[in-house]
>>> print(open('work08.cif').read())   # mmCIF, C-alpha atoms and all ligand atoms
data_query
#
loop_
_atom_site.group_PDB
_atom_site.id
_atom_site.type_symbol
_atom_site.label_atom_id
_atom_site.label_comp_id
_atom_site.auth_asym_id
_atom_site.auth_seq_id
_atom_site.Cartn_x
_atom_site.Cartn_y
_atom_site.Cartn_z
ATOM 1 C CA MET V 1 1.915 9.197 8.576
ATOM 2 C CA SER V 2 2.085 12.136 6.221
ATOM 3 C CA GLY V 3 3.615 15.302 7.574
ATOM 4 C CA ARG V 4 1.659 16.251 10.682
ATOM 5 C CA VAL V 5 -1.395 14.192 9.798
ATOM 6 C CA ASP V 6 -1.758 10.426 10.144
ATOM 7 C CA VAL V 7 -3.966 10.021 7.067
ATOM 8 C CA GLU V 8 -5.270 6.563 7.952
ATOM 9 C CA ALA V 9 -6.061 7.505 11.554
ATOM 10 C CA LEU V 10 -7.854 10.632 10.336
ATOM 11 C CA ALA V 11 -9.930 8.561 7.894
ATOM 12 C CA PHE V 12 -10.891 6.207 10.754
ATOM 13 C CA SER V 13 -11.835 9.020 13.122
ATOM 14 C CA GLU V 14 -13.956 10.689 10.407
ATOM 15 C CA GLY V 15 -15.868 7.461 9.822
ATOM 16 C CA LEU V 16 -14.402 6.961 6.334
ATOM 17 C CA LYS V 17 -12.721 3.689 7.280
ATOM 18 C CA PRO V 18 -14.335 1.006 9.447
ATOM 19 C CA ALA V 19 -11.037 -0.303 10.763
ATOM 20 C CA ILE V 20 -7.259 0.022 10.617
ATOM 21 C CA ARG V 21 -4.638 -2.691 10.256
ATOM 22 C CA ARG V 22 -1.099 -1.574 11.003
ATOM 23 C CA SER V 23 2.128 -3.401 11.736
ATOM 24 C CA VAL V 24 3.942 -1.897 14.700
ATOM 25 C CA ALA V 25 7.568 -2.486 15.731
ATOM 26 C CA VAL V 26 7.551 -4.345 19.054
ATOM 27 C CA GLY V 27 9.364 -1.422 20.698
ATOM 28 C CA GLN V 28 6.509 0.935 19.805
ATOM 29 C CA LEU V 29 3.486 -1.026 20.982
ATOM 30 C CA ASP V 30 2.696 1.462 23.775
ATOM 31 C CA ALA V 31 2.631 4.405 21.358
ATOM 32 C CA ALA V 32 0.282 2.481 19.052
ATOM 33 C CA THR V 33 -2.024 1.624 21.952
ATOM 34 C CA ALA V 34 -2.074 5.284 22.974
ATOM 35 C CA LEU V 35 -2.986 6.303 19.409
ATOM 36 C CA ALA V 36 -5.810 3.764 19.400
ATOM 37 C CA ARG V 37 -7.104 5.133 22.691
ATOM 38 C CA ARG V 38 -7.058 8.686 21.303
ATOM 39 C CA LEU V 39 -9.026 7.532 18.272
ATOM 40 C CA GLY V 40 -11.623 5.905 20.499
ATOM 41 C CA GLY V 41 -11.449 2.443 18.970
ATOM 42 C CA ALA V 42 -10.929 -1.061 20.333
ATOM 43 C CA VAL V 43 -7.638 -2.867 19.748
ATOM 44 C CA SER V 44 -6.675 -6.449 19.086
ATOM 45 C CA TRP V 45 -3.164 -7.763 18.335
ATOM 46 C CA SER V 46 -1.945 -10.450 15.951
ATOM 47 C CA THR V 47 -1.620 -13.961 17.340
ATOM 48 C CA ARG V 48 2.122 -13.931 16.642
ATOM 49 C CA ASP V 49 4.873 -11.463 15.761
ATOM 50 C CA ILE V 50 5.928 -10.981 12.150
ATOM 51 C CA ASP V 51 9.170 -9.997 10.510
ATOM 52 C CA GLU V 52 8.797 -6.826 8.488
ATOM 53 C CA ASP V 53 11.753 -5.309 6.651
ATOM 54 C CA GLY V 54 14.020 -7.063 9.152
ATOM 55 C CA ARG V 55 12.322 -5.760 12.303
ATOM 56 C CA ARG V 56 10.091 -7.708 14.655
ATOM 57 C CA SER V 57 6.586 -6.320 14.508
ATOM 58 C CA ARG V 58 3.092 -7.086 15.693
ATOM 59 C CA VAL V 59 -0.057 -6.312 13.752
ATOM 60 C CA MET V 60 -2.514 -3.964 15.412
ATOM 61 C CA TYR V 61 -6.193 -4.165 14.508
ATOM 62 C CA LEU V 62 -8.271 -1.157 15.405
ATOM 63 C CA GLY V 63 -12.044 -1.502 15.137
ATOM 64 C CA ARG V 64 -15.064 0.432 16.384
ATOM 65 C CA THR V 65 -15.848 -2.404 18.794
ATOM 66 C CA GLN V 66 -13.799 -5.159 20.418
ATOM 67 C CA ALA V 67 -15.737 -7.758 18.400
ATOM 68 C CA GLU V 68 -14.701 -6.027 15.147
ATOM 69 C CA ALA V 69 -11.058 -5.808 16.202
ATOM 70 C CA ASP V 70 -11.077 -9.485 17.193
ATOM 71 C CA ALA V 71 -12.725 -10.462 13.894
ATOM 72 C CA LEU V 72 -9.858 -8.775 12.025
ATOM 73 C CA ARG V 73 -7.298 -10.616 14.154
ATOM 74 C CA ASP V 74 -9.021 -13.925 13.471
ATOM 75 C CA ALA V 75 -9.373 -13.239 9.745
ATOM 76 C CA GLU V 76 -5.622 -12.738 9.415
ATOM 77 C CA ALA V 77 -4.462 -15.400 11.896
ATOM 78 C CA GLU V 78 -3.668 -17.963 9.182
ATOM 79 C CA ILE V 79 -2.363 -15.529 6.570
ATOM 80 C CA LEU V 80 -0.023 -13.336 8.597
ATOM 81 C CA PRO V 81 3.121 -12.321 6.683
ATOM 82 C CA GLY V 82 5.451 -15.314 6.668
ATOM 83 C CA SER V 83 2.611 -17.828 6.274
ATOM 84 C CA THR V 84 3.236 -20.252 3.460
ATOM 85 C CA THR V 85 -0.312 -21.357 2.703
ATOM 86 C CA ALA V 86 -2.349 -19.331 0.212
ATOM 87 C CA ARG V 87 -5.875 -18.712 1.488
ATOM 88 C CA PRO V 88 -7.657 -16.369 -0.924
ATOM 89 C CA ALA V 89 -10.914 -16.517 1.073
ATOM 90 C CA ALA V 90 -9.165 -15.281 4.233
ATOM 91 C CA HIS V 91 -7.617 -12.364 2.303
ATOM 92 C CA ALA V 92 -11.032 -11.510 0.871
ATOM 93 C CA ARG V 93 -12.580 -11.529 4.360
ATOM 94 C CA LEU V 94 -9.793 -9.355 5.794
ATOM 95 C CA GLY V 95 -10.135 -6.850 2.929
ATOM 96 C CA ALA V 96 -13.910 -6.675 3.378
ATOM 97 C CA LEU V 97 -13.569 -6.056 7.133
ATOM 98 C CA LEU V 98 -11.123 -3.242 6.417
ATOM 99 C CA GLY V 99 -13.693 -1.636 4.099
ATOM 100 C CA PHE V 100 -11.708 -2.067 0.881
ATOM 101 C CA PRO V 101 -13.742 -2.009 -2.379
ATOM 102 C CA ARG V 102 -15.061 -5.402 -3.427
ATOM 103 C CA CYS V 103 -13.520 -5.291 -6.926
ATOM 104 C CA CYS V 104 -10.072 -4.490 -5.493
ATOM 105 C CA VAL V 105 -10.373 -7.198 -2.807
ATOM 106 C CA ASP V 106 -11.392 -9.750 -5.456
ATOM 107 C CA ALA V 107 -8.438 -8.799 -7.664
ATOM 108 C CA PHE V 108 -6.077 -9.203 -4.706
ATOM 109 C CA ALA V 109 -7.586 -12.568 -3.750
ATOM 110 C CA GLY V 110 -7.123 -13.673 -7.369
ATOM 111 C CA ARG V 111 -3.416 -12.845 -7.134
ATOM 112 C CA VAL V 112 -3.155 -14.800 -3.873
ATOM 113 C CA GLU V 113 -4.774 -17.749 -5.642
ATOM 114 C CA ARG V 114 -2.327 -17.820 -8.545
ATOM 115 C CA GLY V 115 0.669 -16.789 -6.401
ATOM 116 C CA ILE V 116 1.243 -13.281 -5.079
ATOM 117 C CA ASP V 117 4.696 -13.219 -6.734
ATOM 118 C CA VAL V 118 3.525 -14.449 -10.151
ATOM 119 C CA VAL V 119 2.922 -12.661 -13.443
ATOM 120 C CA VAL V 120 1.613 -15.203 -15.924
ATOM 121 C CA GLY V 121 4.108 -15.443 -18.760
ATOM 122 C CA LEU V 122 6.891 -13.708 -16.802
ATOM 123 C CA GLY V 123 7.448 -16.133 -13.948
ATOM 124 C CA ARG V 124 7.448 -16.105 -10.168
ATOM 125 C CA GLY V 125 9.546 -14.643 -7.355
ATOM 126 C CA LEU V 126 8.485 -11.110 -8.345
ATOM 127 C CA ALA V 127 7.869 -8.295 -5.864
ATOM 128 C CA GLU V 128 4.259 -7.877 -4.799
ATOM 129 C CA ASP V 129 4.129 -4.224 -5.895
ATOM 130 C CA TYR V 130 5.516 -5.120 -9.331
ATOM 131 C CA VAL V 131 2.855 -7.800 -9.794
ATOM 132 C CA ALA V 132 0.145 -5.423 -8.533
ATOM 133 C CA ALA V 133 1.304 -2.664 -10.898
ATOM 134 C CA HIS V 134 1.301 -5.142 -13.777
ATOM 135 C CA ASP V 135 -2.320 -6.106 -13.037
ATOM 136 C CA ALA V 136 -3.587 -2.574 -12.355
ATOM 137 C CA TRP V 137 -1.791 -0.801 -15.206
ATOM 138 C CA THR V 138 -3.867 1.498 -17.391
ATOM 139 C CA PRO V 139 -2.866 4.481 -19.540
ATOM 140 C CA ARG V 140 -5.359 6.541 -17.491
ATOM 141 C CA ALA V 141 -3.783 5.998 -14.052
ATOM 142 C CA VAL V 142 -5.067 8.483 -11.455
ATOM 143 C CA ALA V 143 -2.769 9.805 -8.718
ATOM 144 C CA LEU V 144 -5.364 9.609 -5.929
ATOM 145 C CA VAL V 145 -5.303 5.795 -5.994
ATOM 146 C CA ASN V 146 -1.532 5.505 -6.375
ATOM 147 C CA PRO V 147 -0.463 2.862 -3.811
ATOM 148 C CA LEU V 148 3.210 2.782 -4.824
ATOM 149 C CA TRP V 149 4.459 5.281 -2.212
ATOM 150 C CA MET V 150 2.777 3.439 0.650
ATOM 151 C CA ARG V 151 6.173 2.310 1.917
ATOM 152 C CA GLN V 152 7.094 6.015 1.971
ATOM 153 C CA ARG V 153 3.902 6.553 3.969
ATOM 154 C CA ARG V 154 2.368 8.635 1.246
ATOM 155 C CA SER V 155 -0.959 7.315 0.043
ATOM 156 C CA LEU V 156 -4.695 7.904 0.281
ATOM 157 C CA VAL V 157 -5.585 4.226 -0.077
ATOM 158 C CA SER V 158 -4.285 1.397 2.088
ATOM 159 C CA PHE V 159 -5.024 -1.345 -0.459
ATOM 160 C CA TYR V 160 -4.020 -2.175 -4.018
ATOM 161 C CA PRO V 161 -6.632 -0.814 -6.440
ATOM 162 C CA CYS V 162 -7.752 -3.412 -8.998
ATOM 163 C CA ARG V 163 -6.939 -0.826 -11.680
ATOM 164 C CA PHE V 164 -5.159 2.473 -11.351
ATOM 165 C CA ASP V 165 -8.413 4.197 -12.369
ATOM 166 C CA CYS V 166 -10.829 2.006 -10.364
ATOM 167 C CA ASP V 167 -13.985 4.073 -9.624
ATOM 168 C CA ALA V 168 -14.624 2.444 -6.235
ATOM 169 C CA ALA V 169 -11.020 3.030 -5.131
ATOM 170 C CA LEU V 170 -11.247 6.639 -6.384
ATOM 171 C CA GLU V 171 -14.350 7.201 -4.285
ATOM 172 C CA VAL V 172 -12.472 6.019 -1.163
ATOM 173 C CA ALA V 173 -9.458 8.175 -2.015
ATOM 174 C CA ARG V 174 -11.563 11.304 -2.664
ATOM 175 C CA GLY V 175 -13.247 10.888 0.715
ATOM 176 C CA VAL V 176 -9.917 10.578 2.513
ATOM 177 C CA LEU V 177 -8.422 13.496 0.577
ATOM 178 C CA GLY V 178 -11.406 15.640 1.578
ATOM 179 C CA ALA V 179 -10.814 14.808 5.244
ATOM 180 C CA VAL V 180 -7.107 15.667 4.946
ATOM 181 C CA ALA V 181 -7.939 18.953 3.173
ATOM 182 C CA ARG V 182 -10.370 19.971 5.925
ATOM 183 C CA ARG V 183 -7.584 19.396 8.456
ATOM 184 C CA ASP V 184 -4.697 20.879 6.430
ATOM 185 C CA GLU V 185 -5.250 22.075 2.885
ATOM 186 C CA ALA V 186 -1.570 22.597 2.095
ATOM 187 C CA LEU V 187 -0.819 19.041 3.173
ATOM 188 C CA ALA V 188 -3.585 17.673 0.939
ATOM 189 C CA ASP V 189 -2.105 19.562 -2.029
ATOM 190 C CA ALA V 190 1.397 18.293 -1.204
ATOM 191 C CA LEU V 191 0.134 14.731 -0.941
ATOM 192 C CA VAL V 192 -1.544 14.889 -4.367
ATOM 193 C CA ALA V 193 1.624 16.413 -5.830
ATOM 194 C CA THR V 194 3.682 13.517 -4.430
ATOM 195 C CA LEU V 195 1.278 10.938 -5.817
ATOM 196 C CA THR V 196 1.245 12.571 -9.268
ATOM 197 C CA GLY V 197 3.805 11.778 -11.945
ATOM 198 C CA SER V 198 5.648 8.770 -13.319
ATOM 199 C CA ILE V 199 6.875 5.939 -11.123
ATOM 200 C CA VAL V 200 9.085 3.074 -12.228
ATOM 201 C CA VAL V 201 8.899 -0.233 -10.338
ATOM 202 C CA ALA V 202 11.438 -3.008 -10.944
ATOM 203 C CA PRO V 203 10.684 -6.744 -10.668
ATOM 204 C CA ASP V 204 12.516 -6.810 -7.305
ATOM 205 C CA GLY V 205 10.255 -4.040 -5.943
ATOM 206 C CA ALA V 206 12.767 -1.170 -6.209
ATOM 207 C CA ARG V 207 11.108 2.053 -7.332
ATOM 208 C CA VAL V 208 11.925 5.611 -8.337
ATOM 209 C CA ALA V 209 9.966 8.674 -9.395
ATOM 210 C CA LEU V 210 10.775 10.259 -12.738
ATOM 211 C CA VAL V 211 11.286 13.967 -12.135
ATOM 212 C CA ASP V 212 11.549 15.738 -15.497
ATOM 213 C CA GLY V 213 12.474 12.335 -16.908
ATOM 214 C CA VAL V 214 15.298 11.812 -14.402
ATOM 215 C CA PRO V 215 14.990 8.841 -11.994
ATOM 216 C CA ALA V 216 14.835 10.102 -8.411
ATOM 217 C CA PRO V 217 14.679 7.774 -5.369
ATOM 218 C CA ARG V 218 12.397 8.948 -2.573
ATOM 219 C CA PRO V 219 13.113 8.576 1.133
ATOM 220 C CA GLY V 220 11.009 6.054 3.029
ATOM 221 C CA GLY V 221 9.046 6.577 6.239
ATOM 222 C CA GLY V 222 12.322 6.633 8.198
ATOM 223 C CA GLY V 223 13.776 9.340 5.941
ATOM 224 C CA GLU V 224 16.364 7.081 4.300
ATOM 225 C CA ILE V 225 16.787 6.055 0.667
ATOM 226 C CA ASP V 226 16.436 2.326 0.081
ATOM 227 C CA PRO V 227 19.720 1.141 -1.532
ATOM 228 C CA ARG V 228 17.719 -0.912 -4.067
ATOM 229 C CA ASP V 229 15.939 2.267 -5.206
ATOM 230 C CA ALA V 230 19.276 4.070 -5.617
ATOM 231 C CA GLU V 231 20.555 1.119 -7.667
ATOM 232 C CA LEU V 232 17.476 1.183 -9.920
ATOM 233 C CA ALA V 233 17.986 4.922 -10.542
ATOM 234 C CA ARG V 234 21.624 4.250 -11.457
ATOM 235 C CA ARG V 235 20.667 1.442 -13.863
ATOM 236 C CA LEU V 236 17.989 3.553 -15.570
ATOM 237 C CA LEU V 237 20.375 6.514 -15.940
ATOM 238 C CA ALA V 238 23.091 4.283 -17.355
ATOM 239 C CA GLY V 239 20.625 2.781 -19.824
ATOM 240 C CA VAL V 240 21.226 -0.696 -18.374
ATOM 241 C CA ALA V 241 17.534 -0.907 -17.514
ATOM 242 C CA THR V 242 14.614 0.430 -19.527
ATOM 243 C CA ALA V 243 11.155 1.082 -18.127
ATOM 244 C CA ILE V 244 8.104 0.012 -20.116
ATOM 245 C CA ALA V 245 4.974 2.221 -20.023
ATOM 246 C CA GLY V 246 2.570 -0.710 -20.252
ATOM 247 C CA ARG V 247 2.600 -4.368 -19.219
ATOM 248 C CA PRO V 248 6.155 -5.547 -19.895
ATOM 249 C CA ARG V 249 6.400 -8.873 -21.699
ATOM 250 C CA SER V 250 9.844 -9.458 -20.242
ATOM 251 C CA LEU V 251 11.305 -8.810 -16.794
ATOM 252 C CA SER V 252 11.659 -5.060 -17.376
ATOM 253 C CA PRO V 253 10.756 -2.333 -14.917
ATOM 254 C CA ILE V 254 7.199 -1.054 -15.398
ATOM 255 C CA ARG V 255 6.361 2.666 -15.660
ATOM 256 C CA VAL V 256 3.045 4.082 -14.464
ATOM 257 C CA ASP V 257 2.139 7.690 -15.312
ATOM 258 C CA PHE V 258 -0.201 8.948 -12.585
ATOM 259 C CA ALA V 259 -2.227 11.991 -13.663
ATOM 260 C CA SER V 260 -3.517 14.416 -11.030
ATOM 261 C CA ARG V 261 -7.128 13.878 -12.213
HETATM 262 ZN ZN ZN J 1 -11.388 -1.870 -7.732
#
>>> encode(input="work08.cif", output="structure tokens")
Amino acid sequence: MSGRVDVEALAFSEGLKPAIRRSVAVGQLDAATALARRLGGAVSWSTRDIDEDGRRSRVMYLGRTQAEADALRDAEAEILPGSTTARPAAHARLGALLGFPRCCVDAFAGRVERGIDVVVGLGRGLAEDYVAAHDAWTPRAVALVNPLWMRQRRSLVSFYPCRFDCDAALEVARGVLGAVARRDEALADALVATLTGSIVVAPDGARVALVDGVPAPRPGGGGEIDPRDAELARRLLAGVATAIAGRPRSLSPIRVDFASR
């Protein structure tokens, strides 16, 4: 959700996304079902509950038809969060059903294959967003495909772009931004402003924005600051940690400078 507009739901209702995958806290299943009904789609639920950020959740699959929703459920059945087996083909199928660009899906499946927590040369046990940022880094990063505030519920894409200037991902993002702008132009501008600028991601997944060079944690979807983000800001300010604008060759935080165009 972003302000008054649920960006992903809007993209689905405008035909820009074939399907939605969303994890829902078990206490909020009725609200999610009601949303799905409003959007006019068919719903399927994950075969088991998952643990997400310490809360029990279920994954909702919203498709145009029941068969599509069920296909999404089946595609993810063996790779739900918490699964220990890597199945790149299942991730590729899930990404394709969700309408993600082929190049970005392939890049993600490649990371699943080698280990989603692995940067070759740096080691394993790294946060997924850190690994993704490492792979996608480019000096020409474009804000519209910035996926790093997804946890804050601020993004135009719901997948990791293969590169932070991927043309196919940009096409998706421009379409979604257009739909948001038609609904609420001020919100579209605010969203782009949020996605623009420098972000630092640490190997443990903590992240901060750099506002005039000063590390600033951002509240998450629940309006609270993640303590790990506050700690990263403190370490950067104290000079204990240094962010690298490029692919770090050691376990340093990575800095991505997202330009508005
Ligand atoms: Zn791509």
>>> closest_atom_pairs(input="work08.cif", of="chain V", to="ligand ZN 1 (chain J)", cutoff="10 Å", atoms="all atoms listed in the file", output="tab-separated table")
residue	atom	partner	partner_atom	distance
V:Phe100	CA	J:ZN1	ZN	8.6
V:Pro101	CA	J:ZN1	ZN	5.8
V:Arg102	CA	J:ZN1	ZN	6.7
V:Cys103	CA	J:ZN1	ZN	4.1
V:Cys104	CA	J:ZN1	ZN	3.7
V:Val105	CA	J:ZN1	ZN	7.3
V:Asp106	CA	J:ZN1	ZN	8.2
V:Ala107	CA	J:ZN1	ZN	7.5
V:Phe108	CA	J:ZN1	ZN	9.5
V:Ala136	CA	J:ZN1	ZN	9.1
V:Val145	CA	J:ZN1	ZN	9.9
V:Phe159	CA	J:ZN1	ZN	9.7
V:Tyr160	CA	J:ZN1	ZN	8.3
V:Pro161	CA	J:ZN1	ZN	5.0
V:Cys162	CA	J:ZN1	ZN	4.1
V:Arg163	CA	J:ZN1	ZN	6.0
V:Phe164	CA	J:ZN1	ZN	8.4
V:Asp165	CA	J:ZN1	ZN	8.2
V:Cys166	CA	J:ZN1	ZN	4.7
V:Asp167	CA	J:ZN1	ZN	6.8
V:Ala168	CA	J:ZN1	ZN	5.6
V:Ala169	CA	J:ZN1	ZN	5.6
V:Leu170	CA	J:ZN1	ZN	8.6
>>> closest_residue(input="work08.cif", among="V:Val5, V:Asp189, V:Asp51, V:Tyr61", to="Pro18 of chain V", atoms="all atoms listed in the file")
V:Tyr61
>>> residues_around(input="work08.cif", residues="Asp229 of chain V", least_positions_apart="3", cutoff="10 Å", atoms="all atoms listed in the file", output="PDB file with C-alpha atoms, keeping the file's coordinate frame")
ATOM      1  CA  VAL V 200       9.085   3.074 -12.228  1.00  0.00           C
ATOM      2  CA  VAL V 201       8.899  -0.233 -10.338  1.00  0.00           C
ATOM      3  CA  ALA V 202      11.438  -3.008 -10.944  1.00  0.00           C
ATOM      4  CA  ASP V 204      12.516  -6.810  -7.305  1.00  0.00           C
ATOM      5  CA  GLY V 205      10.255  -4.040  -5.943  1.00  0.00           C
ATOM      6  CA  ALA V 206      12.767  -1.170  -6.209  1.00  0.00           C
ATOM      7  CA  ARG V 207      11.108   2.053  -7.332  1.00  0.00           C
ATOM      8  CA  VAL V 208      11.925   5.611  -8.337  1.00  0.00           C
ATOM      9  CA  ALA V 209       9.966   8.674  -9.395  1.00  0.00           C
ATOM     10  CA  PRO V 215      14.990   8.841 -11.994  1.00  0.00           C
ATOM     11  CA  ALA V 216      14.835  10.102  -8.411  1.00  0.00           C
ATOM     12  CA  PRO V 217      14.679   7.774  -5.369  1.00  0.00           C
ATOM     13  CA  ARG V 218      12.397   8.948  -2.573  1.00  0.00           C
ATOM     14  CA  PRO V 219      13.113   8.576   1.133  1.00  0.00           C
ATOM     15  CA  ILE V 225      16.787   6.055   0.667  1.00  0.00           C
ATOM     16  CA  ASP V 226      16.436   2.326   0.081  1.00  0.00           C
ATOM     17  CA  LEU V 232      17.476   1.183  -9.920  1.00  0.00           C
ATOM     18  CA  ALA V 233      17.986   4.922 -10.542  1.00  0.00           C
ATOM     19  CA  ARG V 234      21.624   4.250 -11.457  1.00  0.00           C
ATOM     20  CA  ARG V 235      20.667   1.442 -13.863  1.00  0.00           C
TER      21      ARG V 235
END
>>> resolve_selection(input="work08.cif", expression="the PyMOL selection byres (((chain V and resi 7) around 12) and not hetatm)", output="count of residues only")
37
>>> closest_residue(input="work08.cif", among="V:Val142, V:Leu210, V:Val59, V:Ile116", to="Tyr130 of chain V", atoms="all atoms listed in the file")
V:Ile116
>>> closest_residue(input="work08.cif", among="V:Gln66, V:Ala230, V:Val211, V:His134", to="Ser252 of chain V", atoms="all atoms listed in the file")
V:His134
>>> resolve_selection(input="work08.cif", expression="the PyMOL selection byres (((chain V and resi 63) around 12) and not hetatm)", output="VMD selection string")
chain V and resid 9 12 to 13 15 17 to 22 36 to 37 39 to 45 60 to 62 64 to 73 97 to 99
>>> atom_distance(input="work08.cif", atom1="atom CA of Leu80 of chain V", atom2="atom CA of Val118 of chain V")
19.1 Å
>>> resolve_selection(input="work08.cif", expression="the PyMOL selection byres (((chain V and resi 88) around 12) and not hetatm)", output="ChimeraX atom specification")
/V:75-76,78-79,85-87,89-95,105-116
>>> write_last_selection(input="work08.cif", atoms="C-alpha atoms", output="short mmCIF file (atom, residue, chain, number, x, y, z; two decimals), keeping the file's coordinate frame")
data_model
loop_
_atom_site.label_atom_id
_atom_site.label_comp_id
_atom_site.auth_asym_id
_atom_site.auth_seq_id
_atom_site.Cartn_x
_atom_site.Cartn_y
_atom_site.Cartn_z
CA ALA V 75 -9.37 -13.24 9.74
CA GLU V 76 -5.62 -12.74 9.41
CA GLU V 78 -3.67 -17.96 9.18
CA ILE V 79 -2.36 -15.53 6.57
CA THR V 85 -0.31 -21.36 2.70
CA ALA V 86 -2.35 -19.33 0.21
CA ARG V 87 -5.88 -18.71 1.49
CA ALA V 89 -10.91 -16.52 1.07
CA ALA V 90 -9.16 -15.28 4.23
CA HIS V 91 -7.62 -12.36 2.30
CA ALA V 92 -11.03 -11.51 0.87
CA ARG V 93 -12.58 -11.53 4.36
CA LEU V 94 -9.79 -9.36 5.79
CA GLY V 95 -10.14 -6.85 2.93
CA VAL V 105 -10.37 -7.20 -2.81
CA ASP V 106 -11.39 -9.75 -5.46
CA ALA V 107 -8.44 -8.80 -7.66
CA PHE V 108 -6.08 -9.20 -4.71
CA ALA V 109 -7.59 -12.57 -3.75
CA GLY V 110 -7.12 -13.67 -7.37
CA ARG V 111 -3.42 -12.84 -7.13
CA VAL V 112 -3.16 -14.80 -3.87
CA GLU V 113 -4.77 -17.75 -5.64
CA ARG V 114 -2.33 -17.82 -8.54
CA GLY V 115 0.67 -16.79 -6.40
CA ILE V 116 1.24 -13.28 -5.08
#
>>> atom_distance(input="work08.cif", atom1="atom CA of Val26 of chain V", atom2="atom CA of Arg228 of chain V")
25.5 Å
>>> build_atoms(input="work08.cif", residues="segment 77-82 of chain V", atoms="all heavy atoms", output="compact mmCIF listing (two decimals), in the coordinates of the input")
# COMPACT_ATOMS: atom_id res chain seq x y z
N ALA V 77 -5.30 -14.48 11.10
CA ALA V 77 -4.46 -15.40 11.90
C ALA V 77 -3.69 -16.41 11.04
O ALA V 77 -2.52 -16.69 11.30
CB ALA V 77 -5.33 -16.12 12.92
N GLU V 78 -4.32 -16.92 9.99
CA GLU V 78 -3.67 -17.96 9.18
C GLU V 78 -2.93 -17.41 7.98
O GLU V 78 -2.31 -18.17 7.23
CB GLU V 78 -4.72 -18.97 8.72
CG GLU V 78 -5.24 -19.81 9.86
CD GLU V 78 -6.16 -20.92 9.36
OE1 GLU V 78 -6.68 -20.80 8.24
OE2 GLU V 78 -6.35 -21.89 10.10
N ILE V 79 -3.01 -16.10 7.76
CA ILE V 79 -2.36 -15.53 6.57
C ILE V 79 -1.42 -14.39 6.94
O ILE V 79 -1.10 -13.54 6.11
CB ILE V 79 -3.42 -15.02 5.55
CG1 ILE V 79 -4.44 -14.10 6.23
CG2 ILE V 79 -4.11 -16.18 4.86
CD1 ILE V 79 -5.32 -13.33 5.28
N LEU V 80 -0.98 -14.37 8.19
CA LEU V 80 -0.02 -13.34 8.60
C LEU V 80 1.22 -13.42 7.71
O LEU V 80 1.58 -14.50 7.24
CB LEU V 80 0.37 -13.55 10.06
CG LEU V 80 -0.65 -13.07 11.11
CD1 LEU V 80 -0.32 -13.67 12.46
CD2 LEU V 80 -0.69 -11.55 11.18
N PRO V 81 1.89 -12.29 7.48
CA PRO V 81 3.12 -12.32 6.68
C PRO V 81 4.04 -13.43 7.20
O PRO V 81 4.23 -13.57 8.40
CB PRO V 81 3.71 -10.93 6.91
CG PRO V 81 2.52 -10.06 7.16
CD PRO V 81 1.54 -10.93 7.90
N GLY V 82 4.59 -14.19 6.29
CA GLY V 82 5.45 -15.31 6.67
C GLY V 82 4.72 -16.64 6.57
O GLY V 82 5.33 -17.70 6.57
